[in-house]
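Peer 1: Structure file protein.txt (compact mmCIF, C-alpha atoms) right here:
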# COMPACT_ATOMS: atom_id res chain seq x y z
CA MET N 1139 115.42 93.25 78.41
CA SER N 1140 118.32 92.05 80.56
CA SER N 1141 121.89 92.03 79.30
CA ASP N 1142 121.98 88.22 79.61
CA SER N 1143 118.95 87.73 77.37
CA ALA N 1144 120.37 90.20 74.84
CA ALA N 1145 123.74 88.43 74.69
CA PRO N 1146 124.50 86.03 71.81
CA PRO N 1147 123.71 82.35 72.52
CA ALA N 1148 127.41 81.40 72.52
CA GLN N 1149 128.16 84.06 75.12
CA GLN N 1150 125.22 82.97 77.28
CA GLU N 1151 126.44 79.36 77.14
CA ASP N 1152 129.94 80.46 78.11
CA ARG N 1153 128.54 82.29 81.13
CA SER N 1154 126.46 79.24 82.10
CA TRP N 1155 129.55 77.03 82.10
CA LYS N 1156 131.41 79.53 84.27
CA ILE N 1157 128.55 79.65 86.77
CA VAL N 1158 128.28 75.85 86.91
CA TRP N 1159 132.03 75.44 87.33
CA THR N 1160 132.20 78.13 90.04
CA LEU N 1161 129.54 76.30 92.03
CA ALA N 1162 130.80 72.80 91.29
CA TRP N 1163 134.56 72.80 91.87
CA PRO N 1164 134.42 73.37 95.66
CA ALA N 1165 131.98 70.47 95.98
CA VAL N 1166 134.24 68.26 93.84
CA VAL N 1167 137.25 69.15 95.99
CA LEU N 1168 135.35 68.45 99.21
CA ASN N 1169 134.04 65.10 97.98
CA SER N 1170 137.58 64.12 96.98
CA MET N 1171 138.88 65.09 100.43
CA GLN N 1172 136.13 63.06 102.09
CA THR N 1173 137.06 60.02 100.00
CA VAL N 1174 140.74 60.35 100.95
CA ASN N 1175 139.70 60.80 104.59
CA ALA N 1176 137.65 57.59 104.52
CA LEU N 1177 140.54 55.66 102.95
CA LEU N 1178 143.00 56.95 105.57
CA ASP N 1179 140.51 56.13 108.32
CA ARG N 1180 140.39 52.51 107.18
CA PHE N 1181 144.17 52.49 106.73
CA PHE N 1182 144.67 53.45 110.37
CA ILE N 1183 142.08 50.97 111.64
CA GLN N 1184 143.47 48.04 109.64
CA SER N 1185 146.71 48.37 111.63
CA LEU N 1186 144.80 47.27 114.74
CA ASP N 1187 143.34 43.82 115.40
CA PRO N 1188 141.74 42.33 112.23
CA ALA N 1189 138.42 42.30 114.08
CA ALA N 1190 138.55 46.10 114.19
CA LEU N 1191 138.25 46.41 110.42
CA THR N 1192 135.34 43.96 110.42
CA GLY N 1193 133.56 45.81 113.22
CA VAL N 1194 134.05 49.27 111.72
CA GLY N 1195 133.21 47.99 108.24
CA ALA N 1196 129.96 46.50 109.49
CA SER N 1197 129.12 49.73 111.34
CA THR N 1198 129.19 51.54 107.98
CA THR N 1199 125.66 50.30 107.26
CA LEU N 1200 124.39 51.86 110.48
CA ILE N 1201 126.29 55.08 109.80
CA PHE N 1202 124.83 55.32 106.29
CA PHE N 1203 121.34 54.71 107.69
CA PHE N 1204 121.47 57.52 110.23
CA MET N 1205 123.37 59.90 107.96
CA SER N 1206 120.69 59.41 105.28
CA ILE N 1207 118.23 60.92 107.74
CA SER N 1208 120.65 63.78 108.45
CA PHE N 1209 121.15 64.53 104.76
CA MET N 1210 117.45 64.92 104.09
CA ILE N 1211 117.17 68.06 106.24
CA GLY N 1212 120.23 69.48 104.48
CA THR N 1213 118.50 68.87 101.16
CA ALA N 1214 115.39 70.69 102.36
CA ALA N 1215 117.52 73.59 103.62
CA THR N 1216 119.17 73.99 100.21
CA ALA N 1217 115.83 73.94 98.38
CA LEU N 1218 114.02 76.39 100.69
CA VAL N 1219 116.91 78.83 101.09
CA ALA N 1220 117.59 78.82 97.33
CA ARG N 1221 113.94 79.57 96.60
CA PHE N 1222 113.80 82.63 98.85
CA PHE N 1223 117.32 83.74 97.96
CA GLY N 1224 116.45 83.67 94.27
CA GLY N 1225 113.29 85.64 94.97
CA LYS N 1226 115.32 88.19 96.99
CA ASP N 1227 113.12 87.55 100.03
CA TYR N 1228 116.03 87.66 102.47
CA PRO N 1229 114.06 87.77 105.76
CA LEU N 1230 112.18 84.60 104.77
CA MET N 1231 115.45 83.05 103.55
CA GLN N 1232 116.98 83.60 106.99
CA THR N 1233 113.88 82.22 108.66
CA ALA N 1234 113.95 79.08 106.52
CA ALA N 1235 117.62 78.48 107.34
CA LYS N 1236 116.95 79.00 111.04
CA LYS N 1237 113.97 76.62 111.08
CA CYS N 1238 115.90 73.91 109.20
CA LEU N 1239 118.81 74.23 111.62
CA SER N 1240 116.53 74.03 114.65
CA LEU N 1241 114.67 70.97 113.37
CA SER N 1242 117.93 69.29 112.38
CA PHE N 1243 119.44 69.98 115.80
CA TYR N 1244 116.57 68.37 117.71
CA LEU N 1245 116.42 65.49 115.25
CA GLY N 1246 120.14 64.89 115.85
CA TRP N 1247 119.63 64.27 119.57
CA ILE N 1248 116.71 61.94 118.87
CA MET N 1249 118.86 60.04 116.38
CA MET N 1250 121.67 59.79 118.92
CA ALA N 1251 119.31 58.27 121.48
CA LEU N 1252 118.16 55.69 118.91
CA ALA N 1253 121.68 54.98 117.66
CA LEU N 1254 122.99 53.78 121.02
CA PRO N 1255 120.74 50.66 121.22
CA ALA N 1256 121.07 50.23 117.44
CA ALA N 1257 124.74 49.35 117.93
CA HIS N 1258 123.81 46.08 119.66
CA LEU N 1259 121.25 45.21 116.98
CA GLY N 1260 123.80 45.95 114.25
CA ALA N 1261 126.36 43.70 115.90
CA ARG N 1262 123.94 40.77 115.68
CA LEU N 1263 122.80 41.49 112.12
CA PHE N 1264 125.96 42.60 110.31
CA VAL N 1265 128.77 40.64 112.00
CA PRO N 1266 129.07 36.82 111.92
CA GLU N 1267 128.15 35.11 115.17
CA SER N 1268 131.50 33.35 115.04
CA ASP N 1269 133.36 36.63 115.56
CA PRO N 1270 132.34 38.02 118.97
CA LEU N 1271 135.40 40.30 119.07
CA ALA N 1272 134.29 42.06 115.88
CA GLN N 1273 130.80 42.41 117.35
CA GLU N 1274 132.31 44.03 120.42
CA MET N 1275 134.35 46.35 118.17
CA LEU N 1276 131.21 47.46 116.31
CA ILE N 1277 129.35 48.18 119.55
CA THR N 1278 132.29 50.14 120.97
CA TYR N 1279 132.90 52.15 117.81
CA PHE N 1280 129.29 52.97 116.92
CA SER N 1281 128.24 53.74 120.50
CA ILE N 1282 130.85 56.50 120.57
CA PHE N 1283 130.13 57.57 116.99
CA ALA N 1284 126.48 58.16 117.98
CA PHE N 1285 127.52 61.36 119.78
CA THR N 1286 128.55 62.74 116.38
CA LEU N 1287 124.98 62.83 115.07
CA PRO N 1288 123.78 66.14 116.59
CA ALA N 1289 126.96 67.84 115.32
CA ALA N 1290 126.60 66.23 111.88
CA ASN N 1291 123.03 67.50 111.66
CA ILE N 1292 124.17 71.05 112.45
CA ILE N 1293 126.88 70.82 109.78
CA LEU N 1294 124.57 69.46 107.10
CA ALA N 1295 121.77 71.94 107.79
CA ILE N 1296 124.11 74.95 107.67
CA SER N 1297 126.14 73.72 104.70
CA GLY N 1298 122.88 73.02 102.85
CA SER N 1299 121.68 76.55 103.59
CA LEU N 1300 124.99 78.05 102.45
CA ARG N 1301 124.78 76.15 99.17
CA GLY N 1302 121.26 77.51 98.74
CA THR N 1303 122.79 81.00 98.57
CA GLY N 1304 125.34 79.84 95.99
CA ASP N 1305 128.15 79.59 98.57
CA THR N 1306 129.92 76.28 98.00
CA LYS N 1307 133.36 77.52 99.09
CA SER N 1308 132.56 77.96 102.78
CA PRO N 1309 131.46 74.31 103.23
CA MET N 1310 134.60 73.23 101.38
CA VAL N 1311 136.86 75.18 103.73
CA LEU N 1312 135.03 74.41 106.99
CA SER N 1313 134.56 70.71 106.28
CA GLY N 1314 138.09 70.57 104.88
CA ILE N 1315 139.42 71.79 108.24
CA GLN N 1316 137.32 69.11 109.92
CA ILE N 1317 138.87 66.43 107.72
CA VAL N 1318 142.43 67.59 108.46
CA LEU N 1319 141.63 67.66 112.20
CA HIS N 1320 140.09 64.19 111.99
CA ILE N 1321 143.22 62.76 110.35
CA LEU N 1322 145.46 64.40 112.97
CA LEU N 1323 143.32 63.11 115.83
CA ASN N 1324 143.46 59.62 114.36
CA TYR N 1325 147.24 59.78 114.62
CA LEU N 1326 147.13 61.07 118.17
CA LEU N 1327 144.32 58.95 119.62
CA ILE N 1328 144.57 55.54 117.93
CA PHE N 1329 148.29 54.81 118.27
CA PRO N 1330 150.76 54.77 121.18
CA PRO N 1331 153.67 57.25 121.32
CA ARG N 1332 156.21 56.38 118.62
CA ALA N 1333 159.61 57.57 117.44
CA MET N 1334 159.74 59.57 114.24
CA ALA N 1335 162.57 61.08 112.20
CA TRP N 1336 165.28 63.25 113.81
CA GLY N 1337 164.50 61.93 117.27
CA PHE N 1338 160.98 63.37 117.38
CA VAL N 1339 158.49 61.32 119.40
CA MET N 1340 154.90 61.50 118.13
CA PRO N 1341 152.56 61.57 121.14
CA GLY N 1342 149.74 59.06 121.21
CA ALA N 1343 146.88 58.08 123.50
CA ASP N 1344 146.94 54.40 122.40
CA MET N 1345 143.13 54.18 122.53
CA GLY N 1346 142.76 51.90 119.52
CA ILE N 1347 139.25 51.62 118.12
CA LYS N 1348 137.92 54.06 120.73
CA GLY N 1349 140.43 56.63 119.54
CA ALA N 1350 139.15 56.32 115.97
CA ALA N 1351 135.60 56.98 117.16
CA TYR N 1352 136.56 59.88 119.40
CA ALA N 1353 138.48 61.43 116.51
CA ILE N 1354 135.23 61.66 114.53
CA VAL N 1355 133.23 63.00 117.48
CA ILE N 1356 135.73 65.71 118.42
CA SER N 1357 136.40 66.88 114.86
CA SER N 1358 132.66 66.95 114.10
CA TRP N 1359 131.79 69.09 117.11
CA VAL N 1360 134.68 71.48 116.43
CA SER N 1361 133.43 71.80 112.86
CA ALA N 1362 129.81 72.30 113.98
CA ILE N 1363 130.85 75.17 116.24
CA ALA N 1364 132.90 76.68 113.41
CA TYR N 1365 129.88 76.46 111.09
CA LEU N 1366 127.68 78.19 113.67
CA ILE N 1367 130.18 81.02 114.16
CA TRP N 1368 130.81 81.50 110.43
CA SER N 1369 127.16 81.37 109.37
CA ARG N 1370 126.34 84.34 111.61
CA ARG N 1371 128.61 86.47 109.40
CA THR N 1372 127.04 85.38 106.12
CA LYS N 1373 123.83 86.43 104.37
CA LEU N 1374 122.04 83.84 106.48
CA ALA N 1375 122.83 85.66 109.77
CA LEU N 1376 122.13 82.26 111.30
CA LYS N 1377 121.70 81.62 115.02
CA LEU N 1378 120.85 78.32 116.67
CA SER N 1379 117.40 78.61 118.22
CA ILE N 1380 116.58 76.44 121.23
CA ARG N 1381 112.90 76.78 120.38
CA PRO N 1382 111.82 74.06 117.90
CA PRO N 1383 110.04 75.20 114.71
CA ASN N 1384 106.26 75.31 114.68
CA TRP N 1385 104.21 72.63 112.97
CA GLU N 1386 103.71 74.72 109.83
CA TRP N 1387 107.46 74.94 109.23
CA ILE N 1388 108.04 71.30 110.19
CA THR N 1389 105.48 70.24 107.57
CA ARG N 1390 107.01 72.56 104.99
CA ILE N 1391 110.51 71.17 105.57
CA LEU N 1392 109.46 67.53 105.66
CA LYS N 1393 107.56 67.79 102.37
CA ILE N 1394 110.92 68.29 100.71
CA ALA N 1395 113.08 66.25 103.08
CA VAL N 1396 111.12 62.99 103.33
CA PRO N 1397 111.10 62.01 99.61
CA SER N 1398 114.87 62.52 99.37
CA GLY N 1399 115.33 60.64 102.64
CA ILE N 1400 113.25 57.67 101.46
CA ASN N 1401 115.32 57.47 98.28
CA SER N 1402 118.52 57.28 100.34
CA LEU N 1403 117.08 54.81 102.84
CA ILE N 1404 116.12 52.43 100.02
CA ARG N 1405 119.77 52.35 98.93
CA VAL N 1406 120.95 51.82 102.51
CA THR N 1407 118.44 49.00 103.03
CA SER N 1408 119.84 47.16 100.01
CA LEU N 1409 123.35 47.54 101.47
CA MET N 1410 122.11 46.18 104.80
CA MET N 1411 120.63 43.13 103.10
CA PHE N 1412 123.87 42.52 101.24
CA MET N 1413 125.85 42.82 104.47
CA MET N 1414 123.57 40.29 106.16
CA VAL N 1415 124.18 37.87 103.28
CA LEU N 1416 127.95 38.28 103.67
CA THR N 1417 127.78 37.24 107.32
CA LYS N 1418 126.53 33.81 106.17
CA VAL N 1419 129.28 33.06 103.63
CA PRO N 1420 132.42 31.11 104.57
CA ASP N 1421 134.88 33.40 106.35
CA GLY N 1422 132.20 36.05 106.66
CA SER N 1423 134.31 38.31 108.89
CA ARG N 1424 136.85 38.84 106.13
CA ALA N 1425 134.10 39.38 103.58
CA VAL N 1426 132.57 42.13 105.71
CA ALA N 1427 135.97 43.72 106.32
CA ALA N 1428 136.74 43.62 102.59
CA LEU N 1429 133.46 45.33 101.73
Represent the structure contained in this file as structure tokens.
Peer 2:
Amino acid sequence: MSSDSAAPPAQQEDRSWKIVWTLAWPAVVLNSMQTVNALLDRFFIQSLDPAALTGVGASTTLIFFFMSISFMIGTAATALVARFFGGKDYPLMQTAAKKCLSLSFYLGWIMMALALPAAHLGARLFVPESDPLAQEMLITYFSIFAFTLPAANIILAISGSLRGTGDTKSPMVLSGIQIVLHILLNYLLIFPPRAMAWGFVMPGADMGIKGAAYAIVISSWVSAIAYLIWSRRTKLALKLSIRPPNWEWITRILKIAVPSGINSLIRVTSLMMFMMVLTKVPDGSRAVAAL
């Protein structure tokens, strides 16, 4: 009999709480950082033309749609890796992580190709016809954002695999660095050079809405590379394979991924419908920006 099963119930419960908390707190910290990052992102954008906030706000529906697809492979990676990790089948655990990463990588490029024309469709559906400048802002922002998708897929597949081994701290640190870099790049790319305290001049590219999009793309690719380098040193010993997974592994991954993806897409579809309704109300541009 194991020592855990022989321990008193109160002691077992105390250990369970410690395990849950150890796994949970890095995820809580990361989610909090992501929320702050999103708020700061909108804070920077609202300092531009009012149409920028409407355009970026409307693009959120498209971003959620594509990211829902990205998240589903990460979910499958966590489930498969955790299964083999728990069974101490480490070679198969590494194989599962590798196959999920490979499928996610190829899916990211397909998504990027689909996202570019989707920007024009989104501008017609989610921005009032009376605000052509906001439509242009959405197209500009999301067309650049589309290049983030392959990197985002790499990040989500690897972070999902790491969580499957019980490692929630590495995603917190790596994605935390990405968030800090994203905020810094927003400062440097969105705004023009400006005077700060003690005579210091903050450099700036003055790219406006394009700068906000490039900040996401650059920080995401830097983070994806960091994830790839770090994951090679972990239990996963993960390497990005150019060869796509065979049909057996694709089927195995999608059996887990698709149900979770459908659940997310249903939520996103309801948000899309709500956004379309807002475009028809009086002063729809402000309604979309407020949402």
Peer 1: Within 8 Å of stretch 1175-1189 of chain N, counting only C-alpha atoms, which residues show up once you throw out same-chain ones fewer than 2 positions away? Write them as a list in words, please.
Peer 2: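 Close residues of stretch 1175-1189 of chain N: Met1171, Gln1172, Thr1173, Leu1191, Thr1192, Gly1193, Asp1269, Leu1271, Ala1272, Met1275, Ile1317, Ile1321, Asn1324, Ile1328, Gly1346, Ile1347, Ala1350 and Ser1423 of chain N.
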Peer 1: Smallest atom-to-atom distance to N:His1320: which of N:Ala1343, N:Ala1295, N:Leu1245, N:Val1360, using only C-alpha atoms?
Peer 2: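 Under the stated criterion, the closest residue is N:Val1360.
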Peer 1: Distance atom CA of N:Thr1216-atom CA of N:Leu1403, one decimal place?
Peer 2: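 Value for the atom CA of N:Thr1216-atom CA of N:Leu1403 distance: 19.5 Å.
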Peer 1: Could you name the residues that touch N:Asp1344 at 8 Å or less, counting all atoms listed in the file, but leaving out those on the same chain fewer than 2 positions away, as a ChimeraX atom specification?
Peer 2: /N:1326-1331,1342,1346,1349
Peer 1: Just how far from atom CA of N:Met1210 is atom CA of N:Ile1388, in Å to one decimal?
Peer 2: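 Between atom CA of N:Ile1388 and atom CA of N:Met1210 the gap works out to 12.9 Å.
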Peer 1: For the atom pair atom CA of N:Thr1417 and atom CA of N:Leu1276, what is the interatomic distance in Å to one decimal place?
Peer 2: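 Interatomic distance, atom CA of N:Thr1417 to atom CA of N:Leu1276: 14.0 Å.
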Peer 1: Mind checking which residues fall within 10 Å of N:Leu1259, counting all atoms listed in the file, ignoring those fewer than 6 positions away in the same chain, and posting them as a list in words?
Peer 2: Leu1200, Ala1253, Gln1273 and Ile1277 of chain N
Peer 1: Go ahead and save the residues from that selection, with C-alpha atoms, as a short mmCIF file (atom, residue, chain, number, x, y, z; two decimals), in the frame of the given file.
Peer 2:
data_model
loop_
_atom_site.label_atom_id
_atom_site.label_comp_id
_atom_site.auth_asym_id
_atom_site.auth_seq_id
_atom_site.Cartn_x
_atom_site.Cartn_y
_atom_site.Cartn_z
CA LEU N 1200 124.39 51.86 110.48
CA ALA N 1253 121.68 54.98 117.66
CA GLN N 1273 130.80 42.41 117.35
CA ILE N 1277 129.35 48.18 119.55
#
Peer 1: Just the residues within 10 Å of N:Met1414, please, counting all atoms listed in the file, with nothing from its chain fewer than 5 positions along; format it as a PDB file with C-alpha atoms, keeping the file's coordinate frame.
Peer 2:
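This is the output file around_25.pdb:
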ATOM      1  CA  ALA N1196     129.960  46.500 109.490  1.00  0.00           C
ATOM      2  CA  GLY N1260     123.800  45.950 114.250  1.00  0.00           C
ATOM      3  CA  ARG N1262     123.940  40.770 115.680  1.00  0.00           C
ATOM      4  CA  LEU N1263     122.800  41.490 112.120  1.00  0.00           C
ATOM      5  CA  PHE N1264     125.960  42.600 110.310  1.00  0.00           C
ATOM      6  CA  VAL N1265     128.770  40.640 112.000  1.00  0.00           C
ATOM      7  CA  PRO N1266     129.070  36.820 111.920  1.00  0.00           C
ATOM      8  CA  SER N1408     119.840  47.160 100.010  1.00  0.00           C
ATOM      9  CA  LEU N1409     123.350  47.540 101.470  1.00  0.00           C
ATOM     10  CA  VAL N1419     129.280  33.060 103.630  1.00  0.00           C
ATOM     11  CA  GLY N1422     132.200  36.050 106.660  1.00  0.00           C
ATOM     12  CA  VAL N1426     132.570  42.130 105.710  1.00  0.00           C
TER      13      VAL N1426
END
Peer 1: Kindly list the centre and edge lengths in Å, rounded to one decimal, for the axis-aligned box that covers all listed atoms of stretch 1298-1316 of chain N plus 8 Å on each of its six sides, as AutoDock Vina command-line options.
Peer 2:
--center_x 130.3 --center_y 75.1 --center_z 103.0 --size_x 34.2 --size_y 27.9 --size_z 29.9
Peer 1: Find the residues around N:Met1205 up to 12 Å (all atoms listed in the file counted), leave out those fewer than 6 positions away in its own chain, and share them as a list in words.
Peer 2: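 Returned residues: Thr1198, Thr1199, Ile1211, Gly1212, Ser1242, Leu1245, Gly1246, Met1249, Met1250, Ala1253, Phe1283, Ala1284, Thr1286, Leu1287, Pro1288, Ala1289, Ala1290, Asn1291, Ile1293, Leu1294, Gly1399, Ser1402, Leu1403 and Val1406 of chain N.
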